[in-house]
Amino acid sequence: MSETEQLLQPYSVDQLGGFVVMVAGAIGSLLLVVWQSKCLCKVNLCYIFQCERRPPNEEEMKSLKDQAKKLKDAKDKKDKDKDLEKGEDTSNTPRATLTGDEDLTYIPGPVPVPK
């Protein structure tokens, strides 16, 4: 070997592991973008793994919306039933309760701060 040839520096196992993780992450993020896109795409990975993704048509979208609405309604009902079992108030309106002979009075101006 001549003195002008340059050799690669020796790399450690942890640097190799980092390289493998970075490459796998890059490939995974690319595949994630492809699968979540709303376009027609075909993936062929060395004839071992083949996949074709088509965006949903109008009828499929309508049925998916209906399914999502049913699931949301069922979850809301379940949560409401759970709150009723606990005795919690599930209404969104705030309620004021008076005990005894108390009356609410309007105080004009800023609210006084107790010292």
# chains A, B, ... in the order shown; residues from 1 in each chain; ligands from 1
>>> residues_around(residues="range 37-46 of chain A", least_positions_apart="5", cutoff="12 Å", atoms="only C-alpha atoms", output="mmCIF file with all heavy atoms, in the first residue's frame")
data_model
loop_
_atom_site.group_PDB
_atom_site.id
_atom_site.type_symbol
_atom_site.label_atom_id
_atom_site.label_comp_id
_atom_site.auth_asym_id
_atom_site.auth_seq_id
_atom_site.Cartn_x
_atom_site.Cartn_y
_atom_site.Cartn_z
ATOM 1 N N ILE A 27 -36.466 5.349 6.457
ATOM 2 C CA ILE A 27 -37.325 4.503 5.614
ATOM 3 C C ILE A 27 -38.722 4.406 6.208
ATOM 4 O O ILE A 27 -39.724 4.501 5.495
ATOM 5 C CB ILE A 27 -36.689 3.110 5.433
ATOM 6 C CG1 ILE A 27 -35.415 3.220 4.599
ATOM 7 C CG2 ILE A 27 -37.667 2.148 4.775
ATOM 8 C CD1 ILE A 27 -34.603 1.956 4.538
ATOM 9 N N LEU A 30 -40.666 7.616 5.609
ATOM 10 C CA LEU A 30 -41.087 7.685 4.209
ATOM 11 C C LEU A 30 -42.294 6.794 3.952
ATOM 12 O O LEU A 30 -43.263 7.211 3.307
ATOM 13 C CB LEU A 30 -39.934 7.288 3.291
ATOM 14 C CG LEU A 30 -40.232 7.296 1.799
ATOM 15 C CD1 LEU A 30 -40.521 8.715 1.335
ATOM 16 C CD2 LEU A 30 -39.085 6.701 1.022
ATOM 17 N N LEU A 31 -42.262 5.578 4.478
ATOM 18 C CA LEU A 31 -43.408 4.682 4.314
ATOM 19 C C LEU A 31 -44.644 5.225 5.014
ATOM 20 O O LEU A 31 -45.760 5.085 4.518
ATOM 21 C CB LEU A 31 -43.068 3.289 4.837
ATOM 22 C CG LEU A 31 -42.056 2.498 3.999
ATOM 23 C CD1 LEU A 31 -41.726 1.189 4.692
ATOM 24 C CD2 LEU A 31 -42.575 2.255 2.603
ATOM 25 N N LEU A 32 -44.471 5.872 6.157
ATOM 26 C CA LEU A 32 -45.600 6.467 6.876
ATOM 27 C C LEU A 32 -46.256 7.553 6.040
ATOM 28 O O LEU A 32 -47.490 7.624 5.951
ATOM 29 C CB LEU A 32 -45.126 7.038 8.210
ATOM 30 C CG LEU A 32 -46.186 7.663 9.094
ATOM 31 C CD1 LEU A 32 -47.136 6.585 9.614
ATOM 32 C CD2 LEU A 32 -45.552 8.398 10.238
ATOM 33 N N CYS A 51 -47.773 -3.969 -1.841
ATOM 34 C CA CYS A 51 -48.967 -3.355 -1.268
ATOM 35 C C CYS A 51 -49.488 -2.297 -2.235
ATOM 36 O O CYS A 51 -48.719 -1.602 -2.886
ATOM 37 C CB CYS A 51 -48.627 -2.712 0.071
ATOM 38 S SG CYS A 51 -50.004 -1.873 0.842
ATOM 39 N N GLU A 52 -50.801 -2.194 -2.313
ATOM 40 C CA GLU A 52 -51.431 -1.160 -3.118
ATOM 41 C C GLU A 52 -52.428 -0.427 -2.227
ATOM 42 O O GLU A 52 -53.245 -1.027 -1.545
ATOM 43 C CB GLU A 52 -52.162 -1.770 -4.312
ATOM 44 C CG GLU A 52 -52.860 -0.739 -5.160
ATOM 45 C CD GLU A 52 -53.586 -1.350 -6.346
ATOM 46 O OE1 GLU A 52 -53.444 -2.559 -6.584
ATOM 47 O OE2 GLU A 52 -54.318 -0.607 -7.007
ATOM 48 N N ARG A 53 -52.311 0.875 -2.206
ATOM 49 C CA ARG A 53 -53.212 1.687 -1.378
ATOM 50 C C ARG A 53 -54.027 2.586 -2.281
ATOM 51 O O ARG A 53 -53.488 3.296 -3.115
ATOM 52 C CB ARG A 53 -52.420 2.544 -0.410
ATOM 53 C CG ARG A 53 -53.337 3.271 0.545
ATOM 54 C CD ARG A 53 -52.617 4.397 1.234
ATOM 55 N NE ARG A 53 -53.465 5.056 2.181
ATOM 56 C CZ ARG A 53 -54.447 5.878 1.871
ATOM 57 N NH1 ARG A 53 -54.733 6.113 0.633
ATOM 58 N NH2 ARG A 53 -55.163 6.453 2.813
ATOM 59 N N ARG A 54 -55.334 2.527 -2.082
ATOM 60 C CA ARG A 54 -56.244 3.390 -2.815
ATOM 61 C C ARG A 54 -56.981 4.266 -1.816
ATOM 62 O O ARG A 54 -57.353 3.802 -0.736
ATOM 63 C CB ARG A 54 -57.267 2.568 -3.594
ATOM 64 C CG ARG A 54 -56.663 1.805 -4.748
ATOM 65 C CD ARG A 54 -57.708 0.947 -5.434
ATOM 66 N NE ARG A 54 -58.111 -0.128 -4.521
ATOM 67 C CZ ARG A 54 -59.363 -0.404 -4.193
ATOM 68 N NH1 ARG A 54 -60.352 0.283 -4.687
ATOM 69 N NH2 ARG A 54 -59.631 -1.386 -3.362
ATOM 70 N N PRO A 55 -57.212 5.523 -2.145
ATOM 71 C CA PRO A 55 -57.995 6.362 -1.238
ATOM 72 C C PRO A 55 -59.448 5.896 -1.221
ATOM 73 O O PRO A 55 -59.941 5.338 -2.201
ATOM 74 C CB PRO A 55 -57.864 7.760 -1.836
ATOM 75 C CG PRO A 55 -57.482 7.549 -3.251
ATOM 76 C CD PRO A 55 -56.748 6.253 -3.312
ATOM 77 N N PRO A 56 -60.152 6.082 -0.109
ATOM 78 C CA PRO A 56 -61.550 5.651 -0.047
ATOM 79 C C PRO A 56 -62.420 6.491 -0.978
ATOM 80 O O PRO A 56 -62.193 7.682 -1.160
ATOM 81 C CB PRO A 56 -61.937 5.878 1.417
ATOM 82 C CG PRO A 56 -60.951 6.837 1.945
ATOM 83 C CD PRO A 56 -59.699 6.669 1.147
ATOM 84 N N ASN A 57 -63.422 5.819 -1.551
ATOM 85 C CA ASN A 57 -64.340 6.554 -2.432
ATOM 86 C C ASN A 57 -65.432 7.212 -1.584
ATOM 87 O O ASN A 57 -65.429 7.129 -0.362
ATOM 88 C CB ASN A 57 -64.917 5.624 -3.508
ATOM 89 C CG ASN A 57 -65.653 4.444 -2.908
ATOM 90 O OD1 ASN A 57 -66.080 4.492 -1.770
ATOM 91 N ND2 ASN A 57 -65.788 3.382 -3.685
#
